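Below is one structure, written out as structure tokens, with a few remarks after it.
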Amino acid sequence: MKPALLREVILPAWQYVKRQNSLKLLPYLEQTQWLSTGELLDLQRRRIGELLEHAYEHVPYYSDVMRAIGVDPASGTRDHSLERLPLLDRSTITEQRDRLRATNFPPERFVANGTGGSTGEPLRFFDDRQQAGWSAAAVWRSQRWYGVDVGERCAYLWGANFDITDFQGLSGRLKSGVLNVLMLPAWELSEATAALFWKRLCHFKPRLLVAYAGALNQWARLLGDNRDPIPGLSSIVVSAEMLYEEARTTIERCFKVPVYNRYGGRDIKFVAQECTMRNGLHINSENVLVEIVKDGRPVPRGELGEIVITRLDNFAMPFVRYRSGDLGIMGNSLCKCGRSLPLLEKIEGRVQDAIVTFDGRIISGPFFAHMFKDCPEVKEFQVHQMAIDRLLIVIVLYSQSEFLSRPRIERLVQQYMGSDMRVELEVRDSIPLTRSGKRRVIVSHLSANSQNQQANCFAR
Ligand SMILES: [Zn+2]
């Protein structure tokens with residue numbers, strides 16, 4: 001399908017029938033990204049106010065919470081209402097699921113959604129059909145930063161079951177032909193399929209490839225860096241997993257196009273993405289408020305804390321100050337590209353994908369990535385925290401190489417985690433992916449109780 005035909009005829013007709021509005025919102029978001037910081041903040045405050053007034057009036061859980069702490073978002077204290085509200089965690093959502101639903105909307109406005117349990121507790125929630133266009137429009141806007149327009153060919157190396165099954169079978173193939181989408185299942189990636197997937201990509205000629213960072217890194221390693229560029233491919237967006245700088249380099253060497261980082265998830269939707277300057281990830285602040293929180297309070301810019309999300313486009317089941325479980329740092333400055341969308345400077349992985357030391361420090365994935373980047377014989381690694389004082393590091397070596405870095409790794413771990421930490425290093429043939437095709441750098445086997453304590457360091 002010609003992209004212009006898809007963009008100007010098919011998609012508008014489709015959106016009209018399905019009552020979707022992302023194409024209509026796109027020109028609005030194209031303008032708001034160039035507003036001044038003050039204007040953008042005003043816009044965001046207005047939307048936060050609308051969400052909180054709605055929650056106060058129509059969402060039983062929030063009516064009770066706000067009344068109990070004396071917050072009325074319609075009164076003069078509206079601007080500060082949000083920061084007085086408690087953080088929202090997964091267990092509260094599960095317990096209060098029905099009371100978090102707005103009482104003034106018809107059932108068809110609620111779209112059931114959920115996240116799997118591969119990297120945390122499973123969560124079931126509802127999206128807001130009427131507002132779903134915001135996130136999709138923001139995705140289009142950010143892809144246009146790299147010159148990839150709506151309707152252009154896009155390939156996905158992706159895992160989650162029902163994203164993929166939409167594109168399987170005859171109707172799925174038809175849909176992917178019409179929508180210019182190619183889905184490559186991340187969990188089927190192996191030495192045997194790497195070259196086959198590459199061929200399919202060359203044949204499809206996507207403008208953009210969207211992928212899990214870990215799976216794409218693994219693919220790039222299997223392919224090596226002696227291949228010609230994929231015809232037509234202009235850029236790669238990675239999401240759903242941590243992007244380490246070493247991985248970015250490996251992927252760029254293999255695919256020969258720039259790699260950009262995207263932050264989002266099924267529960268938090270699309271939050272932020274890098275522009276071509278790669279100064280950090282621009283937050284879609286028209287649709288989402290991001291706070292960085294430690295010990296229950298927002299931390300100053302430049303400091304690490306848990307990323308807390310308030311989506312401004314879900315009135316059906318509002319998540320206000322939702323604990324994402326991810327660690328991040330808010331940037332200090334504006335981006336040179338001229339967009340005033342604020343910058344999320346860094347994402348440091350999941351709270352539970354971090355090692356906690358005996359003295360209460362949290363050590364996240366980049367520490368290990370940094371340590372292993374100077375071990376040329378190590379192909380893959382995974383760190384398991386078996387107990388508060390015991391780490392098991394599993395290592396896969398390149399064929400015919402010897403694990404010469406063993407003493408160095410042992411020394412570094414002891415140096416940074418304390419002499420109380422016992423380290424075992426185990427060489428294996430492979431490291432399995434999680435069910436959804438993601439690769440985890442750190443796996444914590446601490447009990448749920450001690451994991452909660454760990455998470456609470458960030459959001460007490
Ligand atoms: Zn920028």
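Residue numbering restarts at 1 in every chain; chains get A, B, ... in the order shown in the structure tokens, and ligands count up from 1 in that same order.
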
| said: To check your reading of the model: which residues sit at most 8 Å from ligand 1 when counting only C-alpha atoms and all ligand atoms? Write the answer as an NGL selection string. | reply: :A and (274-282 or 334-339 or 341)

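The list of residues with at least one atom within 10 Å of Tyr322 of chain A, based on only C-alpha atoms and without residues fewer than 6 positions apart in the same chain, reads Pro86, Leu87, Leu88, Asp89, Arg90, Ile93, Asp267, Ile268, Val290, Glu291, Ile307, Val308, Ile309, Thr310 and Arg311 of chain A.
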
| If you run DSSP on this backbone, which residues of segment 198-299 of chain A come out as strand (DSSP E or B), and could you give them as a ChimeraX atom specification? | /A:208-212,235-239,259-265,269-274,281-283,288-294,297-298

Can you write out the residues you just picked, keeping N, CA and C atoms, as a compact mmCIF listing (two decimals), in the first residue's frame?
# COMPACT_ATOMS: atom_id res chain seq x y z
N LEU A 208 11.04 2.08 9.20
CA LEU A 208 11.34 2.09 10.63
C LEU A 208 11.26 0.67 11.17
N LEU A 209 12.19 0.34 12.08
CA LEU A 209 12.13 -0.93 12.80
C LEU A 209 11.94 -0.61 14.28
N VAL A 210 10.92 -1.21 14.89
CA VAL A 210 10.66 -1.02 16.32
C VAL A 210 10.92 -2.37 17.00
N ALA A 211 11.71 -2.37 18.09
CA ALA A 211 12.13 -3.66 18.65
C ALA A 211 12.39 -3.58 20.14
N TYR A 212 12.36 -4.77 20.79
CA TYR A 212 12.87 -4.89 22.15
C TYR A 212 14.38 -4.67 22.08
N SER A 235 15.70 4.39 10.43
CA SER A 235 16.02 4.46 11.86
C SER A 235 15.37 3.29 12.60
N ILE A 236 15.84 3.12 13.84
CA ILE A 236 15.35 2.04 14.70
C ILE A 236 14.90 2.65 16.02
N VAL A 237 13.76 2.20 16.52
CA VAL A 237 13.30 2.61 17.84
C VAL A 237 13.28 1.38 18.74
N VAL A 238 13.92 1.46 19.89
CA VAL A 238 13.85 0.33 20.82
C VAL A 238 13.05 0.72 22.05
N SER A 239 12.37 -0.27 22.58
CA SER A 239 11.45 0.01 23.68
C SER A 239 11.31 -1.22 24.56
N VAL A 259 19.86 4.43 16.29
CA VAL A 259 18.92 3.76 17.19
C VAL A 259 18.43 4.78 18.22
N TYR A 260 17.11 4.87 18.40
CA TYR A 260 16.53 5.80 19.36
C TYR A 260 15.76 5.04 20.43
N ASN A 261 15.78 5.61 21.63
CA ASN A 261 15.17 4.95 22.77
C ASN A 261 13.74 5.48 23.01
N ARG A 262 12.83 4.57 23.30
CA ARG A 262 11.45 4.95 23.63
C ARG A 262 11.12 4.40 25.00
N TYR A 263 10.38 5.17 25.79
CA TYR A 263 9.98 4.67 27.11
C TYR A 263 8.46 4.61 27.18
N GLY A 264 7.97 3.44 27.51
CA GLY A 264 6.53 3.27 27.64
C GLY A 264 6.24 1.86 28.09
N GLY A 265 4.99 1.53 28.19
CA GLY A 265 4.61 0.18 28.60
C GLY A 265 3.12 0.03 28.44
N LYS A 269 1.49 3.36 28.96
CA LYS A 269 1.37 3.83 27.57
C LYS A 269 2.67 4.50 27.12
N PHE A 270 2.57 5.27 26.05
CA PHE A 270 3.77 5.89 25.49
C PHE A 270 4.12 7.14 26.31
N VAL A 271 5.32 7.17 26.88
CA VAL A 271 5.68 8.27 27.78
C VAL A 271 6.70 9.22 27.15
N ALA A 272 7.78 8.69 26.59
CA ALA A 272 8.87 9.58 26.16
C ALA A 272 9.71 8.91 25.09
N GLN A 273 10.39 9.73 24.29
CA GLN A 273 11.24 9.18 23.23
C GLN A 273 12.35 10.18 22.89
N GLU A 274 13.48 9.64 22.44
CA GLU A 274 14.59 10.50 22.04
C GLU A 274 14.29 11.17 20.70
N LEU A 281 15.11 11.64 26.76
CA LEU A 281 13.85 11.30 26.09
C LEU A 281 12.83 12.40 26.33
N HIS A 282 12.28 12.96 25.25
CA HIS A 282 11.27 14.00 25.37
C HIS A 282 9.97 13.40 25.91
N ILE A 283 9.49 13.95 27.02
CA ILE A 283 8.23 13.46 27.61
C ILE A 283 7.06 14.09 26.86
N VAL A 288 0.89 13.26 29.61
CA VAL A 288 1.39 12.50 30.75
C VAL A 288 2.25 13.38 31.64
N LEU A 289 2.07 13.22 32.94
CA LEU A 289 2.92 13.91 33.91
C LEU A 289 3.89 12.89 34.49
N VAL A 290 5.19 13.22 34.46
CA VAL A 290 6.21 12.33 35.00
C VAL A 290 6.80 12.98 36.24
N GLU A 291 6.83 12.23 37.34
CA GLU A 291 7.54 12.69 38.54
C GLU A 291 8.61 11.65 38.89
N ILE A 292 9.69 12.11 39.47
CA ILE A 292 10.73 11.19 39.96
C ILE A 292 10.69 11.26 41.49
N VAL A 293 10.47 10.12 42.11
CA VAL A 293 10.13 10.11 43.53
C VAL A 293 11.07 9.20 44.31
N LYS A 294 11.48 9.67 45.47
CA LYS A 294 12.24 8.82 46.39
C LYS A 294 11.72 9.13 47.79
N ARG A 297 8.66 11.42 48.13
CA ARG A 297 8.68 12.82 47.70
C ARG A 297 9.44 12.98 46.39
N PRO A 298 9.00 13.95 45.56
CA PRO A 298 9.75 14.21 44.32
C PRO A 298 11.18 14.62 44.62

| task | Compile the contact shell of Thr193 of chain A as a list of chain:residue names: residues with an atom at most 12 Å away, counting only C-alpha atoms, same-chain residues fewer than 4 positions apart removed. | result | A:Leu184, A:Pro185, A:Ala186, A:Trp187, A:Glu188, A:Leu189, A:Phe197, A:Trp198, A:Lys199, A:Arg200, A:Gln218, A:Trp219, A:Leu222, A:Leu223

| field | alpha helix (DSSP H) call set, DSSP backbone run, segment 53-121 of chain A, as a list in words | value |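 Answer for segment 53-121 of chain A, restricted to alpha helix (DSSP H): Glu53, His54, Ala55, Tyr56, Glu57, His58, Pro60, Tyr61, Tyr62, Ser63, Asp64, Val65, Met66, Arg67, Ala68, Ile69, Arg78, Asp79, His80, Ser81, Leu82, Glu83, Arg84, Arg90, Ser91, Thr92, Ile93, Thr94 and Glu95 of chain A.
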
| Interatomic distance (Å, one decimal) between atom CA of Ile347 of chain A and atom CA of Arg266 of chain A | 16.8 Å

| task | Could you check which of A:Gln385, A:Thr103, A:Glu380, A:Gln415 is closest to Tyr398 of chain A, using only C-alpha atoms? | result |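 Under the stated criterion, the closest residue is A:Glu380.
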
| query | Closest to Ala102 of chain A among A:Pro27, A:Pro258, A:Pro12, A:Pro318, using only C-alpha atoms? | reply |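 Nearest to Ala102 of chain A: A:Pro318.
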
| Residue contacts of Leu391 of chain A (10 Å, only C-alpha atoms) excluding same-chain residues fewer than 2 positions away, as a PyMOL selection string | chain A and resi 355+383-389+393-394+413+421-425+444-445

| message | When you count only C-alpha atoms, which of these residues is closest to Phe367 of chain A: A:Leu304, A:Val148, A:Val59, A:Val441? | response |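 Result for the nearest residue to Phe367 of chain A: A:Val441.
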
| task | Find the residues around Asn217 of chain A up to 9 Å (only C-alpha atoms counted), leave out those fewer than 6 positions away in its own chain, and share them as a list in words. | result | Ala247, Arg248, Thr250 and Ile251 of chain A
